[in-house]
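Below is query08.tsv, holding TSV, C-alpha atoms and all ligand atoms.
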chain	number	residue	atom	x	y	z
A	1	MET	CA	0.00	0.00	0.00
A	2	LEU	CA	2.84	2.40	0.79
A	3	ASN	CA	4.38	1.70	-2.63
A	4	GLN	CA	1.03	2.52	-4.20
A	5	LEU	CA	0.98	5.71	-2.14
A	6	SER	CA	4.45	6.70	-3.40
A	7	ASP	CA	3.40	5.97	-6.99
A	8	SER	CA	0.23	8.07	-6.67
A	9	LEU	CA	2.25	10.95	-5.23
A	10	MET	CA	4.74	10.74	-8.09
A	11	THR	CA	1.94	11.07	-10.63
A	12	GLY	CA	0.35	13.87	-8.64
A	13	ASN	CA	-2.92	12.00	-8.08
A	14	ALA	CA	-4.08	13.87	-4.97
A	15	ASP	CA	-7.39	11.98	-4.69
A	16	ALA	CA	-5.60	8.63	-4.69
A	17	VAL	CA	-3.02	9.93	-2.19
A	18	VAL	CA	-5.75	11.08	0.21
A	19	SER	CA	-7.65	7.82	-0.16
A	20	LEU	CA	-4.52	5.66	0.36
A	21	VAL	CA	-3.42	7.64	3.42
A	22	LYS	CA	-6.91	7.14	4.88
A	23	GLN	CA	-6.77	3.41	4.12
A	24	ALA	CA	-3.30	3.12	5.66
A	25	ILE	CA	-4.55	4.87	8.81
A	26	ASP	CA	-7.61	2.59	8.94
A	27	GLN	CA	-5.30	-0.41	8.69
A	28	LYS	CA	-3.36	0.95	11.69
A	29	LEU	CA	-0.10	1.47	9.83
A	30	ASP	CA	2.34	3.62	11.78
A	31	PRO	CA	1.89	7.33	10.83
A	32	GLY	CA	5.69	7.72	10.68
A	33	ASP	CA	5.89	4.88	8.16
A	34	ILE	CA	3.07	6.36	6.08
A	35	LEU	CA	4.97	9.65	6.03
A	36	ASN	CA	8.49	8.33	5.42
A	37	ASP	CA	7.91	5.20	3.32
A	38	GLY	CA	4.91	6.55	1.41
A	39	LEU	CA	4.84	10.33	1.03
A	40	ILE	CA	8.50	11.33	1.49
A	41	ALA	CA	9.73	8.30	-0.48
A	42	GLY	CA	7.57	9.37	-3.43
A	43	MET	CA	8.71	12.98	-3.22
A	44	THR	CA	12.36	11.88	-3.16
A	45	VAL	CA	11.88	10.08	-6.48
A	46	VAL	CA	10.12	13.18	-7.87
A	47	GLY	CA	13.23	15.21	-6.95
A	48	GLN	CA	15.54	12.68	-8.62
A	49	LYS	CA	13.44	12.59	-11.80
A	50	PHE	CA	13.29	16.39	-11.91
A	51	LYS	CA	17.06	16.57	-11.58
A	52	SER	CA	17.57	14.11	-14.43
A	53	HIS	CA	15.02	15.98	-16.61
A	54	GLU	CA	12.66	13.00	-16.76
A	55	ILE	CA	9.89	15.24	-15.41
A	56	PHE	CA	9.41	19.02	-15.36
A	57	LEU	CA	8.37	21.76	-12.96
A	58	PRO	CA	4.58	21.42	-13.43
A	59	ASP	CA	4.90	17.71	-12.56
A	60	VAL	CA	6.78	18.63	-9.39
A	61	LEU	CA	4.10	21.16	-8.53
A	62	ILE	CA	1.23	18.70	-8.82
A	63	ALA	CA	3.21	16.13	-6.82
A	64	ALA	CA	3.71	18.80	-4.14
A	65	LYS	CA	-0.04	19.47	-4.09
A	66	ALA	CA	-0.72	15.76	-3.68
A	67	MET	CA	1.88	15.63	-0.88
A	68	ASN	CA	0.18	18.51	0.94
A	69	ALA	CA	-3.22	16.83	0.56
A	70	GLY	CA	-1.83	13.63	2.08
A	71	MET	CA	-0.13	15.50	4.90
A	72	GLU	CA	-3.41	17.23	5.83
A	73	VAL	CA	-4.98	13.81	6.45
A	74	LEU	CA	-1.97	12.59	8.42
A	75	LYS	CA	-1.45	15.75	10.46
A	76	PRO	CA	-3.88	15.00	13.33
A	77	LEU	CA	-1.99	11.77	14.02
A	78	LEU	CA	1.34	13.56	14.20
A	79	VAL	CA	0.15	16.42	16.41
A	80	ASN	CA	-0.99	15.91	20.00
A	81	GLU	CA	-3.50	18.69	20.62
A	82	GLY	CA	-3.95	20.11	24.09
A	83	ILE	CA	-0.59	19.26	25.64
A	84	PRO	CA	1.07	22.14	27.56
A	85	SER	CA	3.61	24.22	25.62
A	86	ILE	CA	7.27	23.59	26.39
A	87	GLY	CA	8.55	26.50	24.31
A	88	ARG	CA	7.72	28.85	21.45
A	89	VAL	CA	9.24	28.56	17.98
A	90	VAL	CA	8.89	31.01	15.10
A	91	ILE	CA	9.41	29.06	11.88
A	92	GLY	CA	9.47	29.87	8.17
A	93	THR	CA	11.10	29.32	4.81
A	94	VAL	CA	13.58	32.08	4.02
A	95	GLN	CA	13.09	34.91	1.54
A	96	GLY	CA	13.18	33.88	-2.13
A	97	ASP	CA	12.38	30.26	-1.32
A	98	LEU	CA	8.93	28.78	-1.97
A	99	HIS	CA	9.61	25.24	-0.72
A	100	ASP	CA	7.41	24.77	2.33
A	101	ILE	CA	6.61	21.05	2.53
A	102	GLY	CA	9.63	20.23	4.72
A	103	LYS	CA	9.12	23.33	6.85
A	104	ASN	CA	5.46	22.38	7.36
A	105	LEU	CA	6.51	18.91	8.44
A	106	VAL	CA	9.03	20.27	10.90
A	107	GLY	CA	6.29	22.54	12.32
A	108	ILE	CA	3.97	19.54	12.70
A	109	MET	CA	6.68	17.54	14.49
A	110	LEU	CA	7.48	20.42	16.84
A	111	LYS	CA	3.78	20.91	17.64
A	112	GLY	CA	3.43	17.19	18.21
A	113	ALA	CA	6.28	17.36	20.73
A	114	GLY	CA	4.57	20.16	22.68
A	115	PHE	CA	6.12	23.30	21.19
A	116	GLU	CA	3.99	26.29	20.31
A	117	VAL	CA	4.72	27.01	16.65
A	118	ILE	CA	4.24	30.35	14.94
A	119	ASP	CA	4.48	29.62	11.23
A	120	LEU	CA	5.40	32.64	9.12
A	121	GLY	CA	5.01	30.71	5.87
A	122	LYS	CA	7.44	30.87	2.95
A	123	ASP	CA	9.47	33.64	1.29
A	124	VAL	CA	9.97	35.29	4.68
A	125	ALA	CA	12.25	38.34	5.02
A	126	PRO	CA	14.93	38.37	7.73
A	127	LYS	CA	13.29	41.36	9.43
A	128	THR	CA	9.97	39.49	9.66
A	129	PHE	CA	11.62	36.52	11.42
A	130	VAL	CA	13.34	38.72	13.96
A	131	GLU	CA	10.34	40.98	14.63
A	132	ALA	CA	7.98	38.00	14.99
A	133	ALA	CA	10.36	36.31	17.43
A	134	ILE	CA	10.58	39.45	19.57
A	135	GLU	CA	6.81	40.16	19.47
A	136	ASN	CA	5.89	36.59	20.34
A	137	GLU	CA	8.67	36.18	22.92
A	138	ALA	CA	9.86	33.07	21.10
A	139	GLN	CA	12.90	31.18	22.37
A	140	ILE	CA	13.76	29.75	18.95
A	141	ILE	CA	13.74	30.89	15.32
A	142	GLY	CA	13.61	27.98	12.85
A	143	LEU	CA	14.82	28.66	9.31
A	144	SER	CA	14.24	26.41	6.33
A	145	ALA	CA	15.94	26.70	2.91
A	146	LEU	CA	15.86	24.23	0.03
A	147	LEU	CA	17.86	26.21	-2.51
A	148	THR	CA	21.58	26.87	-2.48
A	149	THR	CA	20.71	30.37	-3.69
A	150	THR	CA	18.54	31.14	-0.64
A	151	MET	CA	20.83	29.71	2.04
A	152	PRO	CA	22.65	33.07	2.44
A	153	VAL	CA	19.38	34.59	3.71
A	154	MET	CA	19.89	32.45	6.83
A	155	LYS	CA	23.10	34.34	7.54
A	156	LYS	CA	21.20	37.61	7.17
A	157	VAL	CA	18.75	36.50	9.86
A	158	VAL	CA	21.60	35.55	12.21
A	159	THR	CA	23.32	38.89	11.55
A	160	LEU	CA	20.13	40.86	12.15
A	161	ALA	CA	19.37	38.96	15.36
A	162	THR	CA	22.91	39.71	16.56
A	163	GLU	CA	22.51	43.40	15.73
A	164	LYS	CA	19.28	43.47	17.78
A	165	GLY	CA	21.17	42.05	20.78
A	166	LEU	CA	19.34	38.73	20.68
A	167	THR	CA	22.42	36.49	20.81
A	168	GLY	CA	21.91	33.93	23.56
A	169	LYS	CA	18.31	35.06	24.12
A	170	ILE	CA	16.78	33.66	20.95
A	171	LYS	CA	18.42	30.60	19.44
A	172	ILE	CA	18.45	30.03	15.70
A	173	ILE	CA	18.11	26.56	14.23
A	174	ILE	CA	18.42	25.81	10.53
A	175	GLY	CA	17.48	22.96	8.23
A	176	GLY	CA	16.74	21.98	4.64
A	177	ALA	CA	18.51	19.74	2.14
A	178	PRO	CA	21.42	22.04	1.12
A	179	THR	CA	22.25	23.08	4.70
A	180	SER	CA	24.65	21.29	7.04
A	181	ILE	CA	26.30	21.42	10.43
A	182	ASP	CA	29.28	23.13	8.80
A	183	TYR	CA	27.04	25.79	7.28
A	184	ALA	CA	25.31	26.34	10.64
A	185	ASN	CA	28.72	26.86	12.26
A	186	GLU	CA	29.89	29.11	9.44
A	187	ILE	CA	26.94	31.51	9.79
A	188	GLY	CA	26.76	31.37	13.59
A	189	ALA	CA	23.42	29.53	13.86
A	190	ASP	CA	22.88	27.59	17.08
A	191	ALA	CA	22.02	24.25	15.49
A	192	TYR	CA	21.57	22.36	12.25
A	193	CYS	CA	18.68	19.89	12.22
A	194	TYR	CA	18.51	17.06	9.73
A	195	ASP	CA	14.73	16.48	9.75
A	196	GLY	CA	11.61	17.07	11.80
A	197	ILE	CA	12.42	14.54	14.50
A	198	ASN	CA	15.94	15.90	14.77
A	199	ALA	CA	14.51	19.44	14.97
A	200	VAL	CA	12.50	18.36	18.02
A	201	ASP	CA	15.70	16.99	19.61
A	202	CYS	CA	17.59	20.21	18.78
A	203	ALA	CA	14.83	22.41	20.20
A	204	ARG	CA	14.56	20.33	23.38
A	205	ARG	CA	18.33	20.37	23.84
A	206	ILE	CA	18.49	24.12	23.30
A	207	LEU	CA	15.78	24.77	25.90
A	208	GLY	CA	17.18	22.19	28.29
A	209	VAL	CA	13.94	20.17	28.21
A	210	ALA	CA	14.47	16.52	29.12
B	1	LIG	CO1	12.11	22.72	-6.15
B	1	LIG	N1	14.04	22.34	-6.11
B	1	LIG	N2	12.46	24.29	-7.24
B	1	LIG	N3	10.18	22.84	-6.17
B	1	LIG	N4	12.03	20.95	-5.35
B	1	LIG	C1	14.48	21.16	-5.21
B	1	LIG	C2	14.81	21.67	-3.81
B	1	LIG	C3	15.75	20.65	-6.01
B	1	LIG	C4	16.79	19.94	-5.12
B	1	LIG	C5	15.26	19.74	-7.16
B	1	LIG	C6	16.42	19.13	-7.95
B	1	LIG	O1	17.03	19.79	-8.74
B	1	LIG	N5	16.70	17.86	-7.70
B	1	LIG	C7	16.29	21.98	-6.65
B	1	LIG	C8	17.26	22.78	-5.79
B	1	LIG	C9	18.69	22.74	-6.32
B	1	LIG	C10	19.60	23.54	-5.46
B	1	LIG	O2	19.38	24.65	-5.12
B	1	LIG	N6	20.70	22.90	-5.12
B	1	LIG	C11	14.98	22.73	-6.87
B	1	LIG	C12	14.83	23.80	-7.79
B	1	LIG	C13	16.03	24.09	-8.69
B	1	LIG	C14	13.64	24.56	-7.91
B	1	LIG	C15	13.37	25.77	-8.82
B	1	LIG	C16	14.53	26.79	-8.91
B	1	LIG	C17	13.01	25.19	-10.21
B	1	LIG	C18	12.82	26.21	-11.30
B	1	LIG	O3	12.03	27.13	-11.17
B	1	LIG	N7	13.56	26.01	-12.35
B	1	LIG	C19	12.10	26.39	-8.19
B	1	LIG	C20	12.46	27.44	-7.11
B	1	LIG	C21	11.23	28.18	-6.61
B	1	LIG	C22	11.57	29.02	-5.37
B	1	LIG	O4	11.59	28.50	-4.29
B	1	LIG	N8	11.85	30.29	-5.57
B	1	LIG	C23	11.50	25.18	-7.53
B	1	LIG	C24	10.12	25.03	-7.30
B	1	LIG	C25	9.53	23.94	-6.70
B	1	LIG	C26	8.00	23.76	-6.55
B	1	LIG	C27	7.28	25.07	-6.23
B	1	LIG	C28	7.48	23.20	-7.85
B	1	LIG	C29	7.92	22.65	-5.46
B	1	LIG	C30	7.75	23.18	-4.02
B	1	LIG	C31	6.30	23.14	-3.56
B	1	LIG	C32	6.20	23.42	-2.08
B	1	LIG	O5	7.11	23.23	-1.29
B	1	LIG	N9	5.04	23.87	-1.71
B	1	LIG	C33	9.31	22.01	-5.54
B	1	LIG	C34	9.63	20.74	-4.98
B	1	LIG	C35	8.48	19.94	-4.45
B	1	LIG	C36	10.97	20.25	-4.94
B	1	LIG	C37	11.48	18.85	-4.50
B	1	LIG	C38	11.17	17.88	-5.63
B	1	LIG	C39	10.91	18.28	-3.22
B	1	LIG	C40	11.06	19.16	-1.98
B	1	LIG	C41	10.25	18.55	-0.87
B	1	LIG	O6	9.15	19.00	-0.59
B	1	LIG	N10	10.76	17.42	-0.29
B	1	LIG	C42	13.04	19.13	-4.31
B	1	LIG	C43	13.90	17.91	-4.57
B	1	LIG	C44	14.19	17.16	-3.29
B	1	LIG	O7	14.34	17.73	-2.23
B	1	LIG	N11	14.30	15.88	-3.36
B	1	LIG	C45	13.23	20.36	-5.08
B	1	LIG	C46	10.05	16.68	0.76
B	1	LIG	C47	10.31	17.35	2.11
B	1	LIG	C48	9.63	16.53	3.19
B	1	LIG	O8	11.70	17.31	2.34
B	1	LIG	O9	11.93	19.81	1.98
B	1	LIG	O10	13.99	18.34	2.25
B	1	LIG	P1	12.58	18.63	2.59
B	1	LIG	O11	12.47	18.84	4.17
B	1	LIG	C49	13.05	17.92	5.09
B	1	LIG	C50	14.49	18.28	5.48
B	1	LIG	O12	15.19	19.04	4.51
B	1	LIG	C51	14.36	18.95	6.79
B	1	LIG	O13	13.25	18.31	7.37
B	1	LIG	C52	12.25	18.05	6.37
B	1	LIG	C53	11.47	16.84	6.78
B	1	LIG	O14	12.27	15.69	6.76
B	1	LIG	N12	14.10	20.39	6.90
B	1	LIG	C54	14.32	21.03	8.10
B	1	LIG	C55	13.61	21.29	6.03
B	1	LIG	N13	13.49	22.49	6.60
B	1	LIG	C56	13.91	22.35	7.89
B	1	LIG	C57	13.98	23.27	8.94
B	1	LIG	C58	14.47	22.81	10.18
B	1	LIG	C59	14.86	21.50	10.35
B	1	LIG	C60	14.80	20.58	9.32
B	1	LIG	O15	14.56	23.59	11.25
B	1	LIG	C61	14.03	24.89	11.25
Can you turn what I pasted into structure tokens?
Amino acid sequence: MLNQLSDSLMTGNADAVVSLVKQAIDQKLDPGDILNDGLIAGMTVVGQKFKSHEIFLPDVLIAAKAMNAGMEVLKPLLVNEGIPSIGRVVIGTVQGDLHDIGKNLVGIMLKGAGFEVIDLGKDVAPKTFVEAAIENEAQIIGLSALLTTTMPVMKKVVTLATEKGLTGKIKIIIGGAPTSIDYANEIGADAYCYDGINAVDCARRILGVA
């Protein structure tokens, strides 16, 4: 069933994706497996095919829509509503970057772990991140970038936060396929997180939550 789910995502068949996610849930498959082995597995192949010019941007776009439709169905199982907040995170995809699927997932994982998440969306300017973090008294700013060309915006956020005297008060975590621990160190971010689960670990560690 998860292979069928991946295949439906690759062809951008949102109706089939929604229906298969519902069936997988009904059959008590683990939500993490549905996400990783079904939805993310399919999207990984889409990325590979796009890179090798087997498919084109509109195909990627409809696959992304199907992915979002599937994630909407899965979301309630990944988020525990009503548990007390253990910290506040302002999250967004950096300016110039429209990739928000991974960022959305990270937000879902953080919420599921008990963080309050303020999602600024995609294409977010450095100033907006910093102002939102101050206004909302967030402890963490989470930055996502999927393009090598938008990674430098992360440095701009770190620089602006430093200029505003926020060093040590608000921690900055980064993630997204082209980023790395080395890049986090280079720009002075507080942590690099590999995926949503790792982002939860990073955020917990940063706030000293067991
Ligand atoms: Co684009 N795109 N895209 N794309 N796209 C990539 C990223 C690319 C790698 C494809 C490729 O060439 N193989 C390539 C980037 C190359 C590079 O810079 N090195 C690329 C390109 C080139 C482009 C355009 C420039 C194409 C064009 O116009 N010619 C264009 C740019 C538009 C823009 O942003 N300004 C573009 C557009 C698009 C769509 C709009 C069509 C669509 C995005 C739709 C959307 O997000 N709403 C899209 C998609 C879907 C992809 C791929 C296929 C899939 C991305 C995705 O959603 N993955 C992608 C190829 C790939 O990554 N395999 C590709 C699934 C998601 C769950 O994973 O986003 O990696 P990911 O998130 C992970 C981790 O990275 C991490 O955790 C997440 C969960 O595990 N993570 C964090 C992410 N953020 C984090 C933050 C954290 C912690 C962890 O803490 C705060």
Go through A:Ala132, A:Ile62, A:Ala24, A:Leu207 one by one, measure the shortest atom-to-atom distance of each to ligand LIG 1 (chain B) using all atoms listed in the file, and give the residue with the smallest value.
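Of A:Ala132, A:Ile62, A:Ala24, A:Leu207, the one nearest ligand LIG 1 (chain B), counting all atoms listed in the file, is A:Ile62.
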What residues have any atom no more than 6 Å from ligand LIG 1 (chain B) when counting only C-alpha atoms and all ligand atoms, and can you list them as a PDB file with C-alpha atoms, in the frame of the given file?
ATOM      1  CA  ILE A  40       8.500  11.330   1.490  1.00  0.00           C
ATOM      2  CA  MET A  43       8.710  12.980  -3.220  1.00  0.00           C
ATOM      3  CA  THR A  44      12.360  11.880  -3.160  1.00  0.00           C
ATOM      4  CA  VAL A  46      10.120  13.180  -7.870  1.00  0.00           C
ATOM      5  CA  GLY A  47      13.230  15.210  -6.950  1.00  0.00           C
ATOM      6  CA  GLN A  48      15.540  12.680  -8.620  1.00  0.00           C
ATOM      7  CA  PHE A  50      13.290  16.390 -11.910  1.00  0.00           C
ATOM      8  CA  LYS A  51      17.060  16.570 -11.580  1.00  0.00           C
ATOM      9  CA  LEU A  57       8.370  21.760 -12.960  1.00  0.00           C
ATOM     10  CA  VAL A  60       6.780  18.630  -9.390  1.00  0.00           C
ATOM     11  CA  LEU A  61       4.100  21.160  -8.530  1.00  0.00           C
ATOM     12  CA  ALA A  64       3.710  18.800  -4.140  1.00  0.00           C
ATOM     13  CA  GLY A  96      13.180  33.880  -2.130  1.00  0.00           C
ATOM     14  CA  ASP A  97      12.380  30.260  -1.320  1.00  0.00           C
ATOM     15  CA  LEU A  98       8.930  28.780  -1.970  1.00  0.00           C
ATOM     16  CA  HIS A  99       9.610  25.240  -0.720  1.00  0.00           C
ATOM     17  CA  ASP A 100       7.410  24.770   2.330  1.00  0.00           C
ATOM     18  CA  ILE A 101       6.610  21.050   2.530  1.00  0.00           C
ATOM     19  CA  GLY A 102       9.630  20.230   4.720  1.00  0.00           C
ATOM     20  CA  LYS A 103       9.120  23.330   6.850  1.00  0.00           C
ATOM     21  CA  LEU A 105       6.510  18.910   8.440  1.00  0.00           C
ATOM     22  CA  VAL A 106       9.030  20.270  10.900  1.00  0.00           C
ATOM     23  CA  GLY A 142      13.610  27.980  12.850  1.00  0.00           C
ATOM     24  CA  LEU A 143      14.820  28.660   9.310  1.00  0.00           C
ATOM     25  CA  SER A 144      14.240  26.410   6.330  1.00  0.00           C
ATOM     26  CA  LEU A 146      15.860  24.230   0.030  1.00  0.00           C
ATOM     27  CA  LEU A 147      17.860  26.210  -2.510  1.00  0.00           C
ATOM     28  CA  THR A 148      21.580  26.870  -2.480  1.00  0.00           C
ATOM     29  CA  ILE A 173      18.110  26.560  14.230  1.00  0.00           C
ATOM     30  CA  ILE A 174      18.420  25.810  10.530  1.00  0.00           C
ATOM     31  CA  GLY A 175      17.480  22.960   8.230  1.00  0.00           C
ATOM     32  CA  GLY A 176      16.740  21.980   4.640  1.00  0.00           C
ATOM     33  CA  ALA A 177      18.510  19.740   2.140  1.00  0.00           C
ATOM     34  CA  CYS A 193      18.680  19.890  12.220  1.00  0.00           C
ATOM     35  CA  TYR A 194      18.510  17.060   9.730  1.00  0.00           C
ATOM     36  CA  ASP A 195      14.730  16.480   9.750  1.00  0.00           C
ATOM     37  CA  GLY A 196      11.610  17.070  11.800  1.00  0.00           C
ATOM     38  CA  ALA A 199      14.510  19.440  14.970  1.00  0.00           C
TER      39      ALA A 199
END
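CA of Ser180 (chain A) lies 28.0 Å from CA of Leu74 (chain A).
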Taking all atoms listed in the file into account, name the residue in A:Thr128, A:Asn136, A:Ser85, A:Thr179 that is nearest to Thr150 (chain A).
A:Thr179
Give the answer as one residue: which of A:Asn13, A:Gln4, A:Asn198, A:Thr149 has the shortest atom-to-atom distance to Ala69 (chain A), using all atoms listed in the file?
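The answer is A:Asn13, which sits nearest to Ala69 (chain A).
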To one decimal place in Å, what is the distance between CA of Glu54 (chain A) and CA of Thr11 (chain A)?
12.5 Å
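Our summary of the geometry notes that CA of Ala16 (chain A) is positioned 25.0 Å from CA of Gly107 (chain A).
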Given only C-alpha atoms as the basis, pick out the residue of A:Leu77, A:Leu5, A:Met67, A:Leu166 nearest to Ile25 (chain A).
A:Leu77
Would you mind telling me which residue in A:Met154, A:Ala113, A:Ala41, A:Val21 lies nearest to Ala184 (chain A) when using all atoms listed in the file?
A:Met154
Which protein, DNA or RNA residues have an atom at most 9 Å from (2.1, 29.2, 14.8), counting only C-alpha atoms? List them as a list in words.
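These residues have at least one counted atom within 9 Å: Arg88, Val89, Val90, Ile91, Gly107, Lys111, Glu116, Val117, Ile118, Asp119 and Leu120 of chain A.
For the set A:Gly165, A:Gly38, A:Gly32, A:Pro84, the residue with the smallest atom-to-atom gap to Met1 (chain A) is A:Gly38, counting all atoms listed in the file.
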Please list as an MDAnalysis selection string every residue within 12 Å of Val73 (chain A), counting all atoms listed in the file and excluding residues in the same chain fewer than 2 positions away.
chainID A and resid 14:15 17:26 31 34:35 39 66:71 75:79
May I have the centre and edge lengths, in Å to one decimal, of an axis-aligned box around the listed atoms of region 69-72 of chain A with 8 Å added to every side, as lines of an AutoDock Vina configuration file?
center_x = -1.8
center_y = 15.4
center_z = 3.2
size_x = 19.3
size_y = 19.6
size_z = 21.3
Residue contacts of Lys127 (chain A) (8 Å, all atoms listed in the file) excluding same-chain residues fewer than 4 positions away, as a list of chain:residue names
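So the residues in contact are A:Glu131, A:Val157, A:Leu160.
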Within 8 Å of (22.4, 31.4, 7.2) (coordinates as in the file), grab all the protein and nucleic acid residues, counting all atoms listed in the file, and write them out as a PyMOL selection string.
chain A and resi 151-158+174+183-184+187-189
Repaired coordinates for region 65-72 of chain A (all heavy atoms) as a tab-separated table (two decimals), keeping the file's coordinate frame:
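result.tsv, freshly written:
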chain	number	residue	atom	x	y	z
A	65	LYS	N	1.36	19.29	-4.52
A	65	LYS	CA	-0.04	19.47	-4.09
A	65	LYS	C	-0.58	18.16	-3.51
A	65	LYS	O	-1.29	18.16	-2.50
A	65	LYS	CB	-0.91	19.93	-5.27
A	65	LYS	CG	-0.71	21.41	-5.55
A	65	LYS	CD	-1.75	21.96	-6.51
A	65	LYS	CE	-1.51	23.45	-6.70
A	65	LYS	NZ	-1.83	23.92	-8.04
A	66	ALA	N	-0.27	17.06	-4.17
A	66	ALA	CA	-0.72	15.76	-3.68
A	66	ALA	C	-0.10	15.46	-2.31
A	66	ALA	O	-0.75	14.94	-1.41
A	66	ALA	CB	-0.34	14.67	-4.68
A	67	MET	N	1.18	15.83	-2.16
A	67	MET	CA	1.88	15.63	-0.88
A	67	MET	C	1.17	16.41	0.23
A	67	MET	O	0.91	15.90	1.31
A	67	MET	CB	3.33	16.10	-1.02
A	67	MET	CG	4.12	16.13	0.25
A	67	MET	SD	5.25	14.75	0.31
A	67	MET	CE	5.91	14.87	1.97
A	68	ASN	N	0.86	17.67	-0.06
A	68	ASN	CA	0.18	18.51	0.94
A	68	ASN	C	-1.18	17.93	1.31
A	68	ASN	O	-1.57	17.95	2.47
A	68	ASN	CB	0.03	19.94	0.42
A	68	ASN	CG	1.31	20.74	0.62
A	68	ASN	OD1	2.05	20.50	1.58
A	68	ASN	ND2	1.60	21.67	-0.27
A	69	ALA	N	-1.90	17.42	0.30
A	69	ALA	CA	-3.22	16.83	0.56
A	69	ALA	C	-3.08	15.62	1.49
A	69	ALA	O	-3.86	15.45	2.43
A	69	ALA	CB	-3.88	16.43	-0.76
A	70	GLY	N	-2.07	14.80	1.23
A	70	GLY	CA	-1.83	13.63	2.08
A	70	GLY	C	-1.43	14.03	3.48
A	70	GLY	O	-1.87	13.43	4.48
A	71	MET	N	-0.61	15.06	3.58
A	71	MET	CA	-0.13	15.50	4.90
A	71	MET	C	-1.27	16.05	5.75
A	71	MET	O	-1.29	15.89	6.96
A	71	MET	CB	0.97	16.54	4.75
A	71	MET	CG	2.36	15.90	4.81
A	71	MET	SD	3.69	16.97	4.26
A	71	MET	CE	3.49	18.44	5.22
A	72	GLU	N	-2.24	16.70	5.09
A	72	GLU	CA	-3.41	17.23	5.83
A	72	GLU	C	-4.15	16.10	6.54
A	72	GLU	O	-4.62	16.26	7.65
A	72	GLU	CB	-4.36	17.96	4.87
A	72	GLU	CG	-4.02	19.40	4.62
A	72	GLU	CD	-3.84	20.22	5.90
A	72	GLU	OE1	-4.76	20.23	6.73
A	72	GLU	OE2	-2.78	20.84	6.08
